[in-house]
Structure formats: C-alpha cells, structure tokens
Amino acid sequence: MNPAASDDALHTPVMLERCLELLAPALDRPGAVLVDGTLGLGGHAEAFLRRFPELTLVGIDRDPEALRLAGERLKPFAGRMHLVHEVSDALPTVLSDLGISDVAGILYDLGVSSMQLDRVDRGFSYARDAALDMRMDPTAPLTAARIIAEYDEGALRRIFFEFGEEKLSARYARKIVQARALAPIETSAQLVDLLQDATPAAVKNAGHPAKRVFQALRVEVNAELDVLERTIPAALDALQVGGRIVVLAYQSLEDRIVKREFAVRSTSTAPRGLPVELPEHAPEIKLLVRGAELASDIEKARNPRATPVRLRAAERIRRAAA
C-alpha cells in the first residue's frame, strides 16, 4: 500500500452518526469543547468540527504520525483545534496546559487504528511480515521483539492469557522460549510460523492461532489496559455537568474497564436503609444506552472494523463531592 496515496481512505469512522447523535446535546452550543482522546486520522473529529461550527476540538494521540496526518486533514479548522502528542491518560495535564477547566464532550475510539494496522512497518498485523514492533508511539522504548526476546516463560504465559485470553498461552510461551534459544525471533512471519507449528491440529480451525497472541503483545507494548484504567476516571472527572462521553471498545478487556467505571459512577453510594438519599451519595453520571450498543448489520458489512465494536455512553449529572 502506498501511504501517501491512500491515507484518507485508511479509516472509516466507526458508528459516526451514532456518536454525533449522542454527543450533540452537549456540543451544540457556543464555547463547547470536545476532547477526541484517540484522534487517529481525525475522521470522527472532522465530522464533529463540520457539524458544530462553534466547537473547539482537543485532539490527543500518542502516535506522532497519526497527529501529522490528522493535522493535514483538519487544516480547514486550524483556528478551532489543539492537537497534542500525548497518551490518553494525560488528559488532566493536557487540559490544564490549555487553560481548560472542563469540557462538554469526550470521545474515545480505542485500540489499534486502521492506519497502524495497514502500515506494514509498524508490525501490528500477523497477516504481513514485518519487524515485531507494535508501538503506537514509535518513540517508546518497548517493542514486541523485546518482549519475545527478554520476557521469561511465566511472563509470556501471563500476558498471552490475561491480555489475549489465549487458552494455549502456556504452550505458546514454552515454544517461544525454546525457539529463541536457538535463534532470535524478530519478525511477525517467524512468530506466526512458530505459533502455527505449536497449535494442535484439533484447534487449528478455531481462528488464526496468532490473533490473540498478537493482541496480547500489542496491549503489553502499549500498556493499553493500564492506560485505560486511568483514562476513564480522568475523563469523567473532566466532564462538566451536562457533558457527555462516548467510548468505542473493540475487545472485551477494554469494554470491561469502561463498563465497570460507568457502573460505579452511575450508582448511588448511599448506605442501605437510608430513608433519604443525600446529594453527596447521588450518582455522578447517567447511562445513555442500555448495556453496550453494537453497530448495525449494514455498517458491519460496509466497514468490517465495526464488527466487534461495543459503544457505551454517559452524561454527567452532578459534580463529585469535594
């Protein structure tokens, strides 16, 4: 793929109209600020800036190449946006540096972006041979190759099981340690071949054997779940009363974190048996969708990336007690 020729086509925003619909009540007013905490190529952001002409955007991404490409795409809105190279959990610092106390809307489109998957040299895809990199921020020190080369068998088994939900985690970890003692494992093709050879014939039809291992490596390289554990509380804290948040998650581990924090904040903390709920015990947010919303069959057919998505949304209804 020629990146220069096809950057604009790499990312079709997932559930775009639904995101616009859910966030509109908070954004359709003068002075509203929207945080796109996973800017990517700016597909969602562009739609919001076009739909709401008085909106200011704060776009955050850990990938400098994504920021550069989004900046090109969003040039027509240069006076209404701030693009920041940072990890999503740095939201409080980003807003403080910009002199913004709270925001009207927040959007997170989690996981690896289409651009990162389609850039062979980034090493995210098990379907193409490349160096085992998988860094969302190429300036970060940890790569997938380092994990494969340096983590002991127990650590490999843990990340494959916890972050990839891989049932054969112990088997794969053992085979990797045995193989690297003979020769370095430095490319995705080497790792895929090893995993395929290590997979029992009886389960080879249960999906590609590398899928969950590559997911686990990517999550570990980028500390994705640790970052998300900090990001969602910080985002809810940054919302003004009446502000709204939408989160798009693509794997159960991410969605579980979002679901848990939303549940905590949308539940009363009043002790049982209290005759009247005191204001400080009232929920901080209300949920805007029942459970996790899925993409329509039409969208899944048009945009395969939408197939696993789970959307959750909430509105802030009161400030937390000081």
# chains A, B, ... in the order shown; residues from 1 in each chain; ligands from 1
$ residues_around --residues "Ala238 (chain A)" --least-positions-apart "2" --cutoff "10 Å" --atoms "only C-alpha atoms" --output "number ranges by chain"
A: 35, 91-92, 95, 100-106, 232-236, 240-241, 243, 316
$ write_last_selection --atoms "N, CA and C atoms" --output "CSV table (one decimal), in the first residue's frame"
chain,number,residue,atom,x,y,z
A,35,VAL,N,-13.2,16.7,23.5
A,35,VAL,CA,-11.9,16.0,23.5
A,35,VAL,C,-12.0,14.7,22.7
A,91,LEU,N,-4.9,13.3,30.1
A,91,LEU,CA,-6.0,14.3,29.9
A,91,LEU,C,-5.9,15.5,30.9
A,92,PRO,N,-5.8,15.2,32.2
A,92,PRO,CA,-5.8,16.4,33.1
A,92,PRO,C,-4.7,17.4,32.8
A,95,LEU,N,-5.5,19.4,29.5
A,95,LEU,CA,-6.5,20.4,29.7
A,95,LEU,C,-5.9,21.6,30.6
A,100,ILE,N,-8.1,24.9,30.2
A,100,ILE,CA,-9.5,24.5,30.1
A,100,ILE,C,-9.8,23.7,31.4
A,101,SER,N,-10.9,24.2,32.0
A,101,SER,CA,-11.2,23.6,33.3
A,101,SER,C,-12.1,22.4,33.2
A,102,ASP,N,-13.0,22.4,32.2
A,102,ASP,CA,-13.8,21.2,32.0
A,102,ASP,C,-14.3,21.2,30.6
A,103,VAL,N,-14.9,20.1,30.1
A,103,VAL,CA,-15.3,20.0,28.7
A,103,VAL,C,-16.7,19.5,28.5
A,104,ALA,N,-17.3,19.8,27.4
A,104,ALA,CA,-18.7,19.4,27.1
A,104,ALA,C,-18.8,17.9,26.6
A,105,GLY,N,-17.7,17.5,25.9
A,105,GLY,CA,-17.8,16.1,25.3
A,105,GLY,C,-16.5,15.4,25.2
A,106,ILE,N,-16.5,14.1,25.3
A,106,ILE,CA,-15.3,13.3,25.2
A,106,ILE,C,-15.6,12.1,24.4
A,232,ILE,N,-10.4,6.5,31.9
A,232,ILE,CA,-11.8,6.7,32.0
A,232,ILE,C,-12.2,7.5,33.3
A,233,PRO,N,-11.6,7.2,34.4
A,233,PRO,CA,-11.9,8.1,35.6
A,233,PRO,C,-11.5,9.6,35.3
A,234,ALA,N,-10.4,9.8,34.7
A,234,ALA,CA,-9.9,11.1,34.4
A,234,ALA,C,-10.9,11.8,33.5
A,235,ALA,N,-11.4,11.1,32.5
A,235,ALA,CA,-12.3,11.7,31.5
A,235,ALA,C,-13.6,12.1,32.2
A,236,LEU,N,-14.2,11.2,33.0
A,236,LEU,CA,-15.4,11.5,33.7
A,236,LEU,C,-15.2,12.7,34.6
A,240,GLN,N,-18.0,18.5,32.4
A,240,GLN,CA,-18.9,19.5,33.1
A,240,GLN,C,-20.2,18.9,33.3
A,241,VAL,N,-21.0,19.4,34.2
A,241,VAL,CA,-22.4,18.9,34.3
A,241,VAL,C,-23.2,19.1,33.0
A,243,GLY,N,-22.2,17.4,30.4
A,243,GLY,CA,-21.3,16.9,29.4
A,243,GLY,C,-21.5,15.4,29.2
A,316,ARG,N,-22.8,13.4,32.5
A,316,ARG,CA,-22.5,13.8,33.8
A,316,ARG,C,-23.7,14.6,34.4
$ select_by_dssp --residues "region 145-297 of chain A" --states "alpha helix (DSSP H)" --output "ChimeraX atom specification"
/A:145-150,153-164,169-180,188-198,211-222,224-238,252-265,297
$ closest_atom_pairs --of "region 128-233 of chain A" --to "region 63-82 of chain A" --cutoff "8 Å" --atoms "only C-alpha atoms" --output "CSV"
residue,atom,partner,partner_atom,distance
A:Met136,CA,A:Asp63,CA,5.4
A:Asp137,CA,A:Asp63,CA,4.6
A:Pro138,CA,A:Asp63,CA,7.2
$ residues_around --residues "Val192 (chain A)" --least-positions-apart "2" --cutoff "8 Å" --atoms "only C-alpha atoms" --output "PDB file with all heavy atoms, in the first residue's frame"
ATOM      1  N   TYR A 126      -0.577  -9.759  11.983  1.00  0.00           N
ATOM      2  CA  TYR A 126       0.015 -11.087  11.836  1.00  0.00           C
ATOM      3  C   TYR A 126      -0.098 -11.583  10.392  1.00  0.00           C
ATOM      4  O   TYR A 126       0.468 -12.609  10.039  1.00  0.00           O
ATOM      5  CB  TYR A 126      -0.632 -12.094  12.792  1.00  0.00           C
ATOM      6  CG  TYR A 126      -2.137 -12.200  12.689  1.00  0.00           C
ATOM      7  CD1 TYR A 126      -2.737 -12.978  11.712  1.00  0.00           C
ATOM      8  CD2 TYR A 126      -2.956 -11.532  13.596  1.00  0.00           C
ATOM      9  CE1 TYR A 126      -4.117 -13.081  11.620  1.00  0.00           C
ATOM     10  CE2 TYR A 126      -4.333 -11.633  13.517  1.00  0.00           C
ATOM     11  CZ  TYR A 126      -4.911 -12.410  12.526  1.00  0.00           C
ATOM     12  OH  TYR A 126      -6.276 -12.503  12.446  1.00  0.00           O
ATOM     13  N   SER A 188       7.294 -10.802  12.329  1.00  0.00           N
ATOM     14  CA  SER A 188       5.954 -11.359  12.519  1.00  0.00           C
ATOM     15  C   SER A 188       5.821 -12.717  11.840  1.00  0.00           C
ATOM     16  O   SER A 188       5.169 -13.621  12.376  1.00  0.00           O
ATOM     17  CB  SER A 188       4.896 -10.380  11.994  1.00  0.00           C
ATOM     18  OG  SER A 188       5.159 -10.018  10.654  1.00  0.00           O
ATOM     19  N   ALA A 189       6.448 -12.909  10.677  1.00  0.00           N
ATOM     20  CA  ALA A 189       6.358 -14.196   9.982  1.00  0.00           C
ATOM     21  C   ALA A 189       7.006 -15.307  10.798  1.00  0.00           C
ATOM     22  O   ALA A 189       6.471 -16.422  10.867  1.00  0.00           O
ATOM     23  CB  ALA A 189       7.012 -14.097   8.605  1.00  0.00           C
ATOM     24  N   GLN A 190       8.151 -15.011  11.426  1.00  0.00           N
ATOM     25  CA  GLN A 190       8.797 -16.007  12.280  1.00  0.00           C
ATOM     26  C   GLN A 190       7.879 -16.417  13.427  1.00  0.00           C
ATOM     27  O   GLN A 190       7.735 -17.605  13.739  1.00  0.00           O
ATOM     28  CB  GLN A 190      10.110 -15.450  12.845  1.00  0.00           C
ATOM     29  CG  GLN A 190      11.251 -15.349  11.867  1.00  0.00           C
ATOM     30  CD  GLN A 190      12.459 -14.709  12.537  1.00  0.00           C
ATOM     31  OE1 GLN A 190      12.460 -13.515  12.849  1.00  0.00           O
ATOM     32  NE2 GLN A 190      13.487 -15.509  12.780  1.00  0.00           N
ATOM     33  N   LEU A 194       5.956 -20.090  14.073  1.00  0.00           N
ATOM     34  CA  LEU A 194       6.167 -20.814  15.332  1.00  0.00           C
ATOM     35  C   LEU A 194       4.833 -21.153  15.992  1.00  0.00           C
ATOM     36  O   LEU A 194       4.618 -22.278  16.460  1.00  0.00           O
ATOM     37  CB  LEU A 194       7.030 -19.960  16.252  1.00  0.00           C
ATOM     38  CG  LEU A 194       7.514 -20.556  17.571  1.00  0.00           C
ATOM     39  CD1 LEU A 194       8.752 -19.800  18.046  1.00  0.00           C
ATOM     40  CD2 LEU A 194       6.457 -20.468  18.669  1.00  0.00           C
ATOM     41  N   LEU A 195       3.921 -20.189  16.027  1.00  0.00           N
ATOM     42  CA  LEU A 195       2.624 -20.397  16.667  1.00  0.00           C
ATOM     43  C   LEU A 195       1.795 -21.430  15.908  1.00  0.00           C
ATOM     44  O   LEU A 195       1.115 -22.268  16.517  1.00  0.00           O
ATOM     45  CB  LEU A 195       1.874 -19.071  16.771  1.00  0.00           C
ATOM     46  CG  LEU A 195       2.501 -18.007  17.686  1.00  0.00           C
ATOM     47  CD1 LEU A 195       1.792 -16.674  17.526  1.00  0.00           C
ATOM     48  CD2 LEU A 195       2.485 -18.456  19.137  1.00  0.00           C
ATOM     49  N   GLN A 196       1.849 -21.358  14.594  1.00  0.00           N
ATOM     50  CA  GLN A 196       1.104 -22.339  13.806  1.00  0.00           C
ATOM     51  C   GLN A 196       1.634 -23.759  14.040  1.00  0.00           C
ATOM     52  O   GLN A 196       0.859 -24.704  14.186  1.00  0.00           O
ATOM     53  CB  GLN A 196       1.182 -21.970  12.321  1.00  0.00           C
ATOM     54  CG  GLN A 196       0.317 -20.762  11.962  1.00  0.00           C
ATOM     55  CD  GLN A 196       0.425 -20.370  10.510  1.00  0.00           C
ATOM     56  OE1 GLN A 196       1.483 -20.503   9.894  1.00  0.00           O
ATOM     57  NE2 GLN A 196      -0.661 -19.858   9.953  1.00  0.00           N
ATOM     58  N   PRO A 209      -4.178 -18.864  14.803  1.00  0.00           N
ATOM     59  CA  PRO A 209      -3.510 -19.055  16.097  1.00  0.00           C
ATOM     60  C   PRO A 209      -2.717 -17.841  16.578  1.00  0.00           C
ATOM     61  O   PRO A 209      -2.415 -17.743  17.769  1.00  0.00           O
ATOM     62  CB  PRO A 209      -2.575 -20.246  15.839  1.00  0.00           C
ATOM     63  CG  PRO A 209      -2.398 -20.294  14.357  1.00  0.00           C
ATOM     64  CD  PRO A 209      -3.686 -19.810  13.783  1.00  0.00           C
ATOM     65  N   ALA A 210      -2.404 -16.909  15.677  1.00  0.00           N
ATOM     66  CA  ALA A 210      -1.614 -15.744  16.082  1.00  0.00           C
ATOM     67  C   ALA A 210      -2.466 -14.574  16.560  1.00  0.00           C
ATOM     68  O   ALA A 210      -1.944 -13.653  17.193  1.00  0.00           O
ATOM     69  CB  ALA A 210      -0.729 -15.281  14.922  1.00  0.00           C
TER      70      ALA A 210
END
$ atom_distance --atom1 "CA of Ile257 (chain A)" --atom2 "CA of Arg302 (chain A)"
28.2 Å
$ residues_around --residues "region 38-44 of chain A" --least-positions-apart "6" --cutoff "7 Å" --atoms "only C-alpha atoms" --output "ChimeraX atom specification"
/A:11-13,16,59-61,66-67,69-70,88,108-110,113
$ closest_residue --among "A:Arg305, A:Arg319, A:Arg310, A:Arg244" --to "Leu34 (chain A)" --atoms "only C-alpha atoms"
A:Arg244
$ residues_around --residues "Lys175 (chain A)" --least-positions-apart "3" --cutoff "8 Å" --atoms "only C-alpha atoms" --output "ChimeraX atom specification"
/A:171-172,178-179,194,198
$ residues_around --residues "region 287-289 of chain A" --least-positions-apart "3" --cutoff "10 Å" --atoms "only C-alpha atoms" --output "list in words"
Leu22, Arg244, Ile245, Val246, Phe262, Ala263, Arg265, Ser266, Ala292, Glu293, Leu311, Arg312, Ala313, Ala314, Glu315 and Arg316 of chain A
$ closest_residue --among "A:Glu261, A:Ala183, A:Asn205, A:Gly242" --to "Glu229 (chain A)" --atoms "only C-alpha atoms"
A:Glu261
